[in-house]
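S.K.: Below is a structure I'd like to ask you about.
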Amino acid sequence: MKSINILLNLLPTELQNMIENKDMDNILTYFMSNDISDEKLAFYLSNLANQINTIEYHEMVASIYHFHFNYMDNAYDLAYYHYWQSLEISQFKDYNLLNEFLGILEEPDFDMITNENIKMVANKVLEKDSENAIAMKYAK
């Protein structure tokens, strides 16, 4: 048995099926539509994302912490961690991920992100689009 299967077995069947079918885009909808309050599920998915270590998994878990379990202690730190993992996996080359990351900076709960990291991402965006107004705002 793979260690990933141990984590999968901790999840409800419907969620397991979504993961096995790589239906990452609908997992946040599953949490919100079913008013899931079991924070352990987010923890299991976070561990799963770290095991599988792909952009899709990290983005999925980040969005769950960011939008669904945002009331939890350290939820925004955990969302930031997974968003940053996505950027690292992409080697900071995916324009959409970089741009989306800059988009979360308007939210006050992401104030733990260092100016150094913000500038680095902004400069990566400007390398691809020198006219990007949001990136220009943060590259200073």
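If you're wondering about the labels, chains in the structure tokens are A, B, ... by order shown, residues count from 1 in each chain, ligands from 1 in order shown.
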Near Ile104 in chain A, counting only C-alpha atoms, which residues have an atom at most 10 Å away, once you skip same-chain residues fewer than 5 positions from it, shown as a PyMOL selection string?
M.R.: chain A and resi 66+80+83+99+109-111
S.K.: Go ahead and save the picked residues with N, CA, C and O atoms, as a CSV table (one decimal), in the first residue's frame.
M.R.:
chain,number,residue,atom,x,y,z
A,66,HIS,N,-8.0,29.2,1.9
A,66,HIS,CA,-8.2,30.6,1.6
A,66,HIS,C,-9.7,30.9,1.7
A,66,HIS,O,-10.1,32.0,2.2
A,80,TYR,N,-1.1,30.5,2.0
A,80,TYR,CA,0.2,31.1,1.5
A,80,TYR,C,1.2,30.0,1.2
A,80,TYR,O,1.8,29.9,0.2
A,83,TYR,N,0.1,28.1,-1.9
A,83,TYR,CA,0.3,29.0,-3.1
A,83,TYR,C,1.8,29.1,-3.4
A,83,TYR,O,2.1,29.1,-4.6
A,99,ASN,N,0.6,36.0,-11.4
A,99,ASN,CA,-0.4,37.1,-11.4
A,99,ASN,C,-1.5,36.8,-10.3
A,99,ASN,O,-1.9,37.8,-9.6
A,109,ASP,N,-5.4,39.7,5.3
A,109,ASP,CA,-5.0,38.5,6.0
A,109,ASP,C,-3.7,37.8,5.4
A,109,ASP,O,-3.2,36.9,6.0
A,110,PHE,N,-3.3,38.3,4.3
A,110,PHE,CA,-2.0,37.8,3.7
A,110,PHE,C,-0.9,38.7,4.0
A,110,PHE,O,0.1,38.8,3.3
A,111,ASP,N,-1.0,39.5,5.1
A,111,ASP,CA,0.1,40.4,5.5
A,111,ASP,C,1.4,39.8,6.0
A,111,ASP,O,2.4,40.5,6.2
S.K.: Give me the residues within 10 Å of range 49-56 of chain A as a list in words, counting only C-alpha atoms and dropping any in the same chain fewer than 5 places off.
M.R.: Ser3, Ile4, Leu7, Lys22, Asp23, Met24, Asp25, Phe43, Tyr44, Val61, Ala62, His82, Tyr83, Trp84, Gln85, Ser86, Leu87, Glu88, Ile89, Ser90 and Leu97 of chain A
S.K.: Which residue is closest to Lys40 in chain A? Choose from A:Ile27, A:Ala135, A:Met60, A:Leu11 and count only C-alpha atoms.
M.R.: A:Leu11
S.K.: Just the alpha helix (DSSP H) stuff from range 25-100 of chain A, please, per backbone DSSP, written as number ranges by chain.
M.R.: A: 27-33, 39-52, 55-63, 75-89, 95-100
S.K.: Just give me the gap between CA of Met112 in chain A and CA of Leu41 in chain A in Å, one decimal is fine.
M.R.: 24.5 Å
S.K.: Report, in Å to a single decimal, how far apart CA of Asp73 in chain A and CA of Asp35 in chain A are.
M.R.: 18.5 Å
